[in-house]
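> What follows is data-v6.cif, mmCIF, C-alpha atoms and all ligand atoms.
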```cif
data_my_file
loop_
_atom_site.group_PDB
_atom_site.id
_atom_site.type_symbol
_atom_site.label_atom_id
_atom_site.label_comp_id
_atom_site.auth_asym_id
_atom_site.auth_seq_id
_atom_site.Cartn_x
_atom_site.Cartn_y
_atom_site.Cartn_z
ATOM 1 C CA MET T 1 0.000 0.000 0.000
ATOM 2 C CA GLN T 2 0.965 3.598 -0.434
ATOM 3 C CA LEU T 3 -0.310 6.628 1.473
ATOM 4 C CA MET T 4 -0.325 9.988 -0.285
ATOM 5 C CA LEU T 5 0.048 12.748 2.258
ATOM 6 C CA THR T 6 1.573 16.034 3.359
ATOM 7 C CA PRO T 7 3.450 16.519 6.644
ATOM 8 C CA THR T 8 0.961 19.049 8.032
ATOM 9 C CA SER T 9 -2.339 17.526 6.977
ATOM 10 C CA PRO T 10 -4.395 16.662 10.083
ATOM 11 C CA TYR T 11 -6.470 14.247 7.979
ATOM 12 C CA ALA T 12 -3.398 12.391 6.764
ATOM 13 C CA ARG T 13 -1.976 12.322 10.296
ATOM 14 C CA ILE T 14 -5.090 10.544 11.551
ATOM 15 C CA VAL T 15 -4.515 7.834 8.939
ATOM 16 C CA ARG T 16 -0.778 7.631 9.687
ATOM 17 C CA VAL T 17 -1.379 7.197 13.400
ATOM 18 C CA ALA T 18 -4.084 4.601 12.674
ATOM 19 C CA LEU T 19 -1.683 2.640 10.452
ATOM 20 C CA MET T 20 0.921 2.623 13.239
ATOM 21 C CA LEU T 21 -1.516 1.695 15.990
ATOM 22 C CA LYS T 22 -2.838 -1.178 13.906
ATOM 23 C CA GLY T 23 0.675 -2.353 13.018
ATOM 24 C CA LEU T 24 0.141 -1.770 9.302
ATOM 25 C CA ASP T 25 2.744 0.957 8.817
ATOM 26 C CA SER T 26 5.445 -1.465 7.646
ATOM 27 C CA GLU T 27 3.143 -2.467 4.779
ATOM 28 C CA CYS T 28 2.564 1.119 3.683
ATOM 29 C CA ALA T 29 4.996 3.446 1.881
ATOM 30 C CA MET T 30 4.649 7.213 2.405
ATOM 31 C CA HIS T 31 4.270 9.234 -0.780
ATOM 32 C CA TRP T 32 4.672 12.961 -0.034
ATOM 33 C CA VAL T 33 2.722 15.226 -2.384
ATOM 34 C CA ASP T 34 1.622 18.860 -2.627
ATOM 35 C CA PRO T 35 -2.136 19.242 -3.219
ATOM 36 C CA PRO T 36 -2.076 22.989 -4.058
ATOM 37 C CA SER T 37 0.282 22.304 -6.951
ATOM 38 C CA ASP T 38 -1.755 19.309 -8.078
ATOM 39 C CA THR T 39 1.056 16.736 -7.949
ATOM 40 C CA PRO T 40 0.278 14.552 -11.015
ATOM 41 C CA GLU T 41 0.322 11.213 -9.088
ATOM 42 C CA LEU T 42 -2.113 12.692 -6.567
ATOM 43 C CA VAL T 43 -4.501 13.989 -9.217
ATOM 44 C CA ASN T 44 -4.269 10.683 -10.989
ATOM 45 C CA ALA T 45 -5.228 8.804 -7.812
ATOM 46 C CA ASN T 46 -7.753 11.380 -6.614
ATOM 47 C CA PRO T 47 -9.034 13.946 -9.124
ATOM 48 C CA ILE T 48 -10.236 16.070 -6.189
ATOM 49 C CA SER T 49 -6.507 16.537 -5.415
ATOM 50 C CA ARG T 50 -6.752 16.168 -1.660
ATOM 51 C CA VAL T 51 -4.838 14.050 0.808
ATOM 52 C CA PRO T 52 -4.918 11.493 2.281
ATOM 53 C CA VAL T 53 -5.261 8.885 -0.433
ATOM 54 C CA LEU T 54 -4.496 5.240 0.235
ATOM 55 C CA VAL T 55 -3.437 3.393 -2.901
ATOM 56 C CA LEU T 56 -3.792 -0.370 -2.608
ATOM 57 C CA ASP T 57 -1.446 -2.851 -4.261
ATOM 58 C CA ASP T 58 -3.940 -3.450 -7.094
ATOM 59 C CA GLY T 59 -4.030 0.304 -7.799
ATOM 60 C CA THR T 60 -7.383 1.008 -6.150
ATOM 61 C CA ALA T 61 -7.262 4.492 -4.629
ATOM 62 C CA ILE T 62 -9.311 5.231 -1.500
ATOM 63 C CA SER T 63 -9.751 8.858 -0.469
ATOM 64 C CA GLU T 64 -11.527 10.446 2.535
ATOM 65 C CA THR T 65 -10.039 9.853 5.972
ATOM 66 C CA LEU T 66 -12.933 7.981 7.522
ATOM 67 C CA LEU T 67 -13.335 5.711 4.488
ATOM 68 C CA ILE T 68 -9.648 4.844 4.686
ATOM 69 C CA ILE T 69 -10.061 4.022 8.384
ATOM 70 C CA HIS T 70 -13.048 1.863 7.479
ATOM 71 C CA TYR T 71 -10.895 -0.023 4.986
ATOM 72 C CA LEU T 72 -8.065 -0.472 7.530
ATOM 73 C CA GLU T 73 -10.511 -1.832 10.112
ATOM 74 C CA ARG T 74 -11.705 -4.422 7.597
ATOM 75 C CA ARG T 75 -8.226 -5.260 6.443
ATOM 76 C CA LYS T 76 -6.906 -5.806 9.976
ATOM 77 C CA PRO T 77 -9.695 -5.972 12.549
ATOM 78 C CA ASP T 78 -7.297 -6.412 15.494
ATOM 79 C CA PRO T 79 -6.437 -4.234 17.246
ATOM 80 C CA SER T 80 -9.595 -2.296 16.544
ATOM 81 C CA LEU T 81 -9.962 1.474 16.641
ATOM 82 C CA LEU T 82 -13.685 0.939 17.085
ATOM 83 C CA PRO T 83 -14.017 -1.669 19.828
ATOM 84 C CA SER T 84 -17.670 -2.733 20.238
ATOM 85 C CA ALA T 85 -17.656 -2.023 23.982
ATOM 86 C CA ARG T 86 -17.303 1.713 23.325
ATOM 87 C CA LEU T 87 -18.307 1.981 19.674
ATOM 88 C CA TYR T 88 -20.881 4.717 20.182
ATOM 89 C CA LYS T 89 -18.585 6.802 22.367
ATOM 90 C CA GLU T 90 -15.823 6.582 19.795
ATOM 91 C CA LEU T 91 -18.129 7.459 16.891
ATOM 92 C CA SER T 92 -19.639 10.367 18.763
ATOM 93 C CA LEU T 93 -16.229 11.761 19.698
ATOM 94 C CA ALA T 94 -14.869 11.148 16.175
ATOM 95 C CA GLY T 95 -17.706 13.273 14.771
ATOM 96 C CA LYS T 96 -16.762 16.223 16.976
ATOM 97 C CA ALA T 97 -13.069 15.751 16.225
ATOM 98 C CA MET T 98 -13.577 15.646 12.454
ATOM 99 C CA GLY T 99 -15.782 18.734 12.735
ATOM 100 C CA LEU T 100 -12.934 20.527 14.520
ATOM 101 C CA VAL T 101 -10.455 19.390 11.863
ATOM 102 C CA ASP T 102 -12.740 20.557 9.034
ATOM 103 C CA ALA T 103 -13.383 23.959 10.618
ATOM 104 C CA ALA T 104 -9.713 24.535 11.507
ATOM 105 C CA PHE T 105 -8.404 23.382 8.140
ATOM 106 C CA TRP T 106 -10.938 25.559 6.319
ATOM 107 C CA ILE T 107 -9.825 28.655 8.252
ATOM 108 C CA VAL T 108 -6.138 27.943 7.620
ATOM 109 C CA PHE T 109 -6.622 27.167 3.910
ATOM 110 C CA ASN T 110 -8.865 30.161 3.383
ATOM 111 C CA ARG T 111 -6.356 32.492 5.055
ATOM 112 C CA ARG T 112 -3.615 31.068 2.849
ATOM 113 C CA PHE T 113 -5.464 31.130 -0.454
ATOM 114 C CA GLY T 114 -8.541 33.268 0.106
ATOM 115 C CA GLY T 115 -6.885 36.628 -0.456
ATOM 116 C CA LYS T 116 -6.279 39.568 1.871
ATOM 117 C CA ASN T 117 -9.774 39.887 3.271
ATOM 118 C CA ALA T 118 -10.142 36.199 3.972
ATOM 119 C CA ASP T 119 -10.662 36.623 7.709
ATOM 120 C CA GLU T 120 -12.286 40.046 7.907
ATOM 121 C CA GLY T 121 -16.032 40.367 7.806
ATOM 122 C CA ASN T 122 -16.249 36.886 6.392
ATOM 123 C CA THR T 123 -19.418 35.192 7.604
ATOM 124 C CA LEU T 124 -18.190 31.730 6.755
ATOM 125 C CA GLU T 125 -14.972 32.269 8.649
ATOM 126 C CA GLU T 126 -16.975 33.541 11.608
ATOM 127 C CA ARG T 127 -19.115 30.404 11.539
ATOM 128 C CA ARG T 128 -16.020 28.180 11.576
ATOM 129 C CA ILE T 129 -14.489 30.198 14.436
ATOM 130 C CA ASN T 130 -17.679 29.935 16.480
ATOM 131 C CA ALA T 131 -17.935 26.222 15.713
ATOM 132 C CA ILE T 132 -14.429 25.648 17.083
ATOM 133 C CA LYS T 133 -15.073 27.785 20.176
ATOM 134 C CA ARG T 134 -18.356 26.001 20.937
ATOM 135 C CA THR T 135 -16.872 22.552 20.450
ATOM 136 C CA LEU T 136 -13.883 23.326 22.693
ATOM 137 C CA GLU T 137 -16.269 24.689 25.343
ATOM 138 C CA GLU T 138 -18.422 21.592 25.134
ATOM 139 C CA LEU T 139 -15.326 19.349 25.454
ATOM 140 C CA LYS T 140 -14.352 21.262 28.584
ATOM 141 C CA LYS T 141 -17.819 20.748 30.061
ATOM 142 C CA ASN T 142 -18.150 17.128 28.949
ATOM 143 C CA PRO T 143 -14.608 15.778 28.823
ATOM 144 C CA PRO T 144 -13.868 12.877 26.482
ATOM 145 C CA HIS T 145 -13.537 9.381 27.938
ATOM 146 C CA ALA T 146 -10.062 8.691 29.319
ATOM 147 C CA VAL T 147 -7.489 6.873 27.203
ATOM 148 C CA LYS T 148 -6.646 3.470 28.624
ATOM 149 C CA GLY T 149 -4.422 1.386 26.403
ATOM 150 C CA LEU T 150 -4.961 1.672 22.660
ATOM 151 C CA PRO T 151 -6.904 4.819 21.725
ATOM 152 C CA GLY T 152 -10.055 4.522 19.697
ATOM 153 C CA LEU T 153 -10.847 6.466 16.529
ATOM 154 C CA GLY T 154 -12.552 9.300 18.426
ATOM 155 C CA GLN T 155 -9.692 9.725 20.884
ATOM 156 C CA LEU T 156 -7.095 9.534 18.111
ATOM 157 C CA ALA T 157 -8.907 12.048 15.912
ATOM 158 C CA LEU T 158 -9.528 14.436 18.811
ATOM 159 C CA GLU T 159 -5.865 14.463 19.814
ATOM 160 C CA VAL T 160 -4.868 15.229 16.206
ATOM 161 C CA ALA T 161 -7.554 17.939 15.956
ATOM 162 C CA LEU T 162 -6.403 19.659 19.179
ATOM 163 C CA GLU T 163 -2.730 19.457 18.197
ATOM 164 C CA TYR T 164 -3.551 20.863 14.742
ATOM 165 C CA ILE T 165 -5.405 23.809 16.286
ATOM 166 C CA GLU T 166 -2.527 24.346 18.722
ATOM 167 C CA PHE T 167 -0.083 24.265 15.775
ATOM 168 C CA ARG T 168 -1.951 26.435 13.249
ATOM 169 C CA LEU T 169 -4.417 28.471 15.298
ATOM 170 C CA PRO T 170 -2.801 28.949 18.730
ATOM 171 C CA GLU T 171 -5.179 31.825 19.497
ATOM 172 C CA PHE T 172 -7.853 29.229 20.364
ATOM 173 C CA ASN T 173 -5.788 27.840 23.271
ATOM 174 C CA ALA T 174 -7.033 24.362 22.470
ATOM 175 C CA PHE T 175 -5.317 22.899 25.522
ATOM 176 C CA GLU T 176 -6.248 25.778 27.831
ATOM 177 C CA SER T 177 -8.360 23.438 29.915
ATOM 178 C CA GLY T 178 -6.165 21.513 32.360
ATOM 179 C CA HIS T 179 -8.470 18.563 31.926
ATOM 180 C CA LEU T 180 -7.815 18.265 28.177
ATOM 181 C CA THR T 181 -4.071 18.586 28.782
ATOM 182 C CA GLN T 182 -4.250 15.727 31.297
ATOM 183 C CA TRP T 183 -6.497 13.720 28.980
ATOM 184 C CA SER T 184 -4.041 14.097 26.124
ATOM 185 C CA LYS T 185 -0.908 13.099 28.115
ATOM 186 C CA PRO T 186 -0.948 9.335 27.483
ATOM 187 C CA LEU T 187 -1.525 9.951 23.768
ATOM 188 C CA ARG T 188 1.346 12.417 23.407
ATOM 189 C CA GLN T 189 3.632 9.842 24.975
ATOM 190 C CA MET T 190 2.789 7.214 22.373
ATOM 191 C CA GLU T 191 5.298 6.666 19.595
ATOM 192 C CA ALA T 192 2.639 6.931 16.890
ATOM 193 C CA PHE T 193 1.843 10.502 17.962
ATOM 194 C CA HIS T 194 5.383 11.451 18.748
ATOM 195 C CA LEU T 195 6.735 10.340 15.359
ATOM 196 C CA THR T 196 4.016 12.182 13.428
ATOM 197 C CA GLU T 197 4.097 15.511 15.300
ATOM 198 C CA PHE T 198 3.278 18.636 13.273
ATOM 199 C CA HIS T 199 6.223 20.880 12.552
HETATM 200 N N1 LIG T 201 -12.856 15.216 3.623
HETATM 201 C C1 LIG T 201 -11.471 14.974 3.362
HETATM 202 C C2 LIG T 201 -10.686 16.266 3.524
HETATM 203 C C3 LIG T 201 -9.237 16.134 3.062
HETATM 204 C C4 LIG T 201 -8.567 17.480 2.924
HETATM 205 O O1 LIG T 201 -9.228 18.549 2.911
HETATM 206 N N2 LIG T 201 -7.234 17.443 2.795
HETATM 207 C C5 LIG T 201 -6.475 18.651 2.638
HETATM 208 C C6 LIG T 201 -5.110 18.536 3.324
HETATM 209 S S1 LIG T 201 -5.233 18.820 5.037
HETATM 210 C C7 LIG T 201 -6.160 18.864 1.174
HETATM 211 O O2 LIG T 201 -5.567 18.005 0.557
HETATM 212 N N3 LIG T 201 -6.583 20.017 0.642
HETATM 213 C C8 LIG T 201 -6.296 20.422 -0.699
HETATM 214 C C9 LIG T 201 -7.487 21.139 -1.309
HETATM 215 O O3 LIG T 201 -8.539 21.216 -0.672
HETATM 216 O O4 LIG T 201 -7.322 21.599 -2.428
HETATM 217 C C10 LIG T 201 -10.978 13.845 4.290
HETATM 218 O O5 LIG T 201 -11.660 13.575 5.280
HETATM 219 O O6 LIG T 201 -9.958 13.218 3.996
#
```
Show the structure stored in the file as structure tokens.
Ligand SMILES: N[C@@H](CCC(=O)N[C@@H](CS)C(=O)NCC(=O)O)C(=O)O

Amino acid sequence: MQLMLTPTSPYARIVRVALMLKGLDSECAMHWVDPPSDTPELVNANPISRVPVLVLDDGTAISETLLIIHYLERRKPDPSLLPSARLYKELSLAGKAMGLVDAAFWIVFNRRFGGKNADEGNTLEERRINAIKRTLEELKKNPPHAVKGLPGLGQLALEVALEYIEFRLPEFNAFESGHLTQWSKPLRQMEAFHLTEFH
């Protein structure tokens, strides 16, 4: 398998960490691409020109983070990122985490490519900012379930979302709440997170 990615994509990092946690990373080569310049191999695999894309050995290309995770779960069910005992908790948390990633990535991408007025008087930007603020507030009030052993999809995606916001949009103070900092500690210590840090 081959994973098309960029070093700072939060979506791609979720897949990378999942590959490592499931012990599939040795079967997957990393193929670094640049979506804004439409790297030909990327466009060929995914005409939408977004990462991540997982290219299987028979050439089948799977895009969209959660679909790739779905494939990985089928390909190697153990260890699972969606254990049945806490399936609903993981799915619910994964939804919030992917929402944070979408909102944060949209703000960052829009500021980079949306021109000078991208973040002034822009209603869409304001909606994304409010969405992030509300979600962080809600996570402070209703903290995610603690990580014990292998993280699930929701926990994994939330850690990546918070680290991405900390990296690109520090003004949100994603880890301002002591509880989230404590919650995130065991994840930050794991090799899969450590080796894929944003920089
Ligand atoms: N819904 C997609 C979003 C992927 C995405 O937006 N990837 C970004 C990198 S962080 C990208 O490649 N953007 C290039 C573009 O939108 O042109 C997923 O879940 O994988």
> Can you list what the PyMOL selection byres (((chain T and resi 151) around 12) and not hetatm) grabs from this structure, as a ChimeraX atom specification?
/T:14,17-18,20-22,79-83,86-87,89-90,93-94,144-150,152-160,183-184,186-188,190,192-193
> Quick one, how far is atom CA of T:Leu5 from atom CA of T:Lys185?
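Calculated distance between atom CA of T:Leu5 and atom CA of T:Lys185 is 25.9 Å.
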> Please write the residues picked by the PyMOL selection byres (((chain T and resi 51) around 8) and not hetatm) on this file as an MDAnalysis selection string.
chainID T and resid 4:6 9 11:12 35 42 49:50 52:53 63:64
> Atoms to include: C-alpha atoms. Write the selected residues as an mmCIF file, in the frame of the given file.

```cif
data_model
loop_
_atom_site.group_PDB
_atom_site.id
_atom_site.type_symbol
_atom_site.label_atom_id
_atom_site.label_comp_id
_atom_site.auth_asym_id
_atom_site.auth_seq_id
_atom_site.Cartn_x
_atom_site.Cartn_y
_atom_site.Cartn_z
ATOM 1 C CA MET T 4 -0.325 9.988 -0.285
ATOM 2 C CA LEU T 5 0.048 12.748 2.258
ATOM 3 C CA THR T 6 1.573 16.034 3.359
ATOM 4 C CA SER T 9 -2.339 17.526 6.977
ATOM 5 C CA TYR T 11 -6.470 14.247 7.979
ATOM 6 C CA ALA T 12 -3.398 12.391 6.764
ATOM 7 C CA PRO T 35 -2.136 19.242 -3.219
ATOM 8 C CA LEU T 42 -2.113 12.692 -6.567
ATOM 9 C CA SER T 49 -6.507 16.537 -5.415
ATOM 10 C CA ARG T 50 -6.752 16.168 -1.660
ATOM 11 C CA PRO T 52 -4.918 11.493 2.281
ATOM 12 C CA VAL T 53 -5.261 8.885 -0.433
ATOM 13 C CA SER T 63 -9.751 8.858 -0.469
ATOM 14 C CA GLU T 64 -11.527 10.446 2.535
#
```
> Identify which of the residues T:Phe113, T:Leu72, T:Glu41, T:Val55 lies closest to ligand LIG 201 (chain T), counting only C-alpha atoms and all ligand atoms when measuring atom-to-atom distances.
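Of T:Phe113, T:Leu72, T:Glu41, T:Val55, the one nearest ligand LIG 201 (chain T), counting only C-alpha atoms and all ligand atoms, is T:Phe113.
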> With only C-alpha atoms as the atoms that count, which of T:Gly59, T:Pro77, T:Gly114, T:Pro10 lies nearest to T:Thr196?
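Looking at the shortest contact to T:Thr196, the residue is T:Pro10.
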> Considering all atoms listed in the file, state which residue in the set T:Val15, T:Leu195, T:Leu169, T:Leu91 is at the smallest distance from ligand LIG 201 (chain T).
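Distance minimum relative to ligand LIG 201 (chain T) lands on T:Val15.
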> When you count only C-alpha atoms, which of these residues is closest to T:Glu163: T:Val101, T:Leu56, T:Glu125, T:Ala131?
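Closest candidate: T:Val101.
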> To verify the selection step, state as a ChimeraX atom specification which residues the PyMOL selection byres (((chain T and resi 106) around 12) and not hetatm) yields on this input.
/T:9-10,98-105,107-114,118-119,124-129,131-132,165,168-169
> May I have the residues from that selection written out with C-alpha atoms, as a PDB file, keeping the file's coordinate frame?

```pdb
ATOM      1  CA  SER T   9      -2.339  17.526   6.977  1.00  0.00           C
ATOM      2  CA  PRO T  10      -4.395  16.662  10.083  1.00  0.00           C
ATOM      3  CA  MET T  98     -13.577  15.646  12.454  1.00  0.00           C
ATOM      4  CA  GLY T  99     -15.782  18.734  12.735  1.00  0.00           C
ATOM      5  CA  LEU T 100     -12.934  20.527  14.520  1.00  0.00           C
ATOM      6  CA  VAL T 101     -10.455  19.390  11.863  1.00  0.00           C
ATOM      7  CA  ASP T 102     -12.740  20.557   9.034  1.00  0.00           C
ATOM      8  CA  ALA T 103     -13.383  23.959  10.618  1.00  0.00           C
ATOM      9  CA  ALA T 104      -9.713  24.535  11.507  1.00  0.00           C
ATOM     10  CA  PHE T 105      -8.404  23.382   8.140  1.00  0.00           C
ATOM     11  CA  ILE T 107      -9.825  28.655   8.252  1.00  0.00           C
ATOM     12  CA  VAL T 108      -6.138  27.943   7.620  1.00  0.00           C
ATOM     13  CA  PHE T 109      -6.622  27.167   3.910  1.00  0.00           C
ATOM     14  CA  ASN T 110      -8.865  30.161   3.383  1.00  0.00           C
ATOM     15  CA  ARG T 111      -6.356  32.492   5.055  1.00  0.00           C
ATOM     16  CA  ARG T 112      -3.615  31.068   2.849  1.00  0.00           C
ATOM     17  CA  PHE T 113      -5.464  31.130  -0.454  1.00  0.00           C
ATOM     18  CA  GLY T 114      -8.541  33.268   0.106  1.00  0.00           C
ATOM     19  CA  ALA T 118     -10.142  36.199   3.972  1.00  0.00           C
ATOM     20  CA  ASP T 119     -10.662  36.623   7.709  1.00  0.00           C
ATOM     21  CA  LEU T 124     -18.190  31.730   6.755  1.00  0.00           C
ATOM     22  CA  GLU T 125     -14.972  32.269   8.649  1.00  0.00           C
ATOM     23  CA  GLU T 126     -16.975  33.541  11.608  1.00  0.00           C
ATOM     24  CA  ARG T 127     -19.115  30.404  11.539  1.00  0.00           C
ATOM     25  CA  ARG T 128     -16.020  28.180  11.576  1.00  0.00           C
ATOM     26  CA  ILE T 129     -14.489  30.198  14.436  1.00  0.00           C
ATOM     27  CA  ALA T 131     -17.935  26.222  15.713  1.00  0.00           C
ATOM     28  CA  ILE T 132     -14.429  25.648  17.083  1.00  0.00           C
ATOM     29  CA  ILE T 165      -5.405  23.809  16.286  1.00  0.00           C
ATOM     30  CA  ARG T 168      -1.951  26.435  13.249  1.00  0.00           C
ATOM     31  CA  LEU T 169      -4.417  28.471  15.298  1.00  0.00           C
TER      32      LEU T 169
END
```
> Suppose you want the space between atom CA of T:Thr135 and atom CA of T:Lys96; what is it in Å?
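Taking atom CA of T:Thr135 as the start and atom CA of T:Lys96 as the end point, the length is 7.2 Å.
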> What's the 7 Å shell around T:Leu54, counting only C-alpha atoms, without same-chain residues fewer than 4 positions away, as a VMD selection string?
chain T and resid 1 to 4 61 to 63 68
> From the set T:Gly178, T:Pro143, T:Pro40, T:Pro47, which residue has the shortest atom-to-atom contact distance to ligand LIG 201 (chain T), counting all atoms listed in the file?
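Selected residue with least distance to ligand LIG 201 (chain T): T:Pro47.
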> Using all atoms listed in the file, which residue out of T:Glu166, T:Thr181, T:Asn130, T:Asn173 lies closest to T:Phe198?
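Selected residue with least distance to T:Phe198: T:Glu166.
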> Go ahead and compute the interatomic distance for atom CA of T:Lys133 and atom CA of T:Ala174, in Å to one decimal.
9.0 Å
> Need the axis-aligned box for ligand LIG 201 (chain T) with 4 Å each side, so what are the centre and edges in Å to one decimal, as JSON?

```
{"center_x": -9.0, "center_y": 17.4, "center_z": 1.4, "size_x": 15.7, "size_y": 16.4, "size_z": 15.7}
```
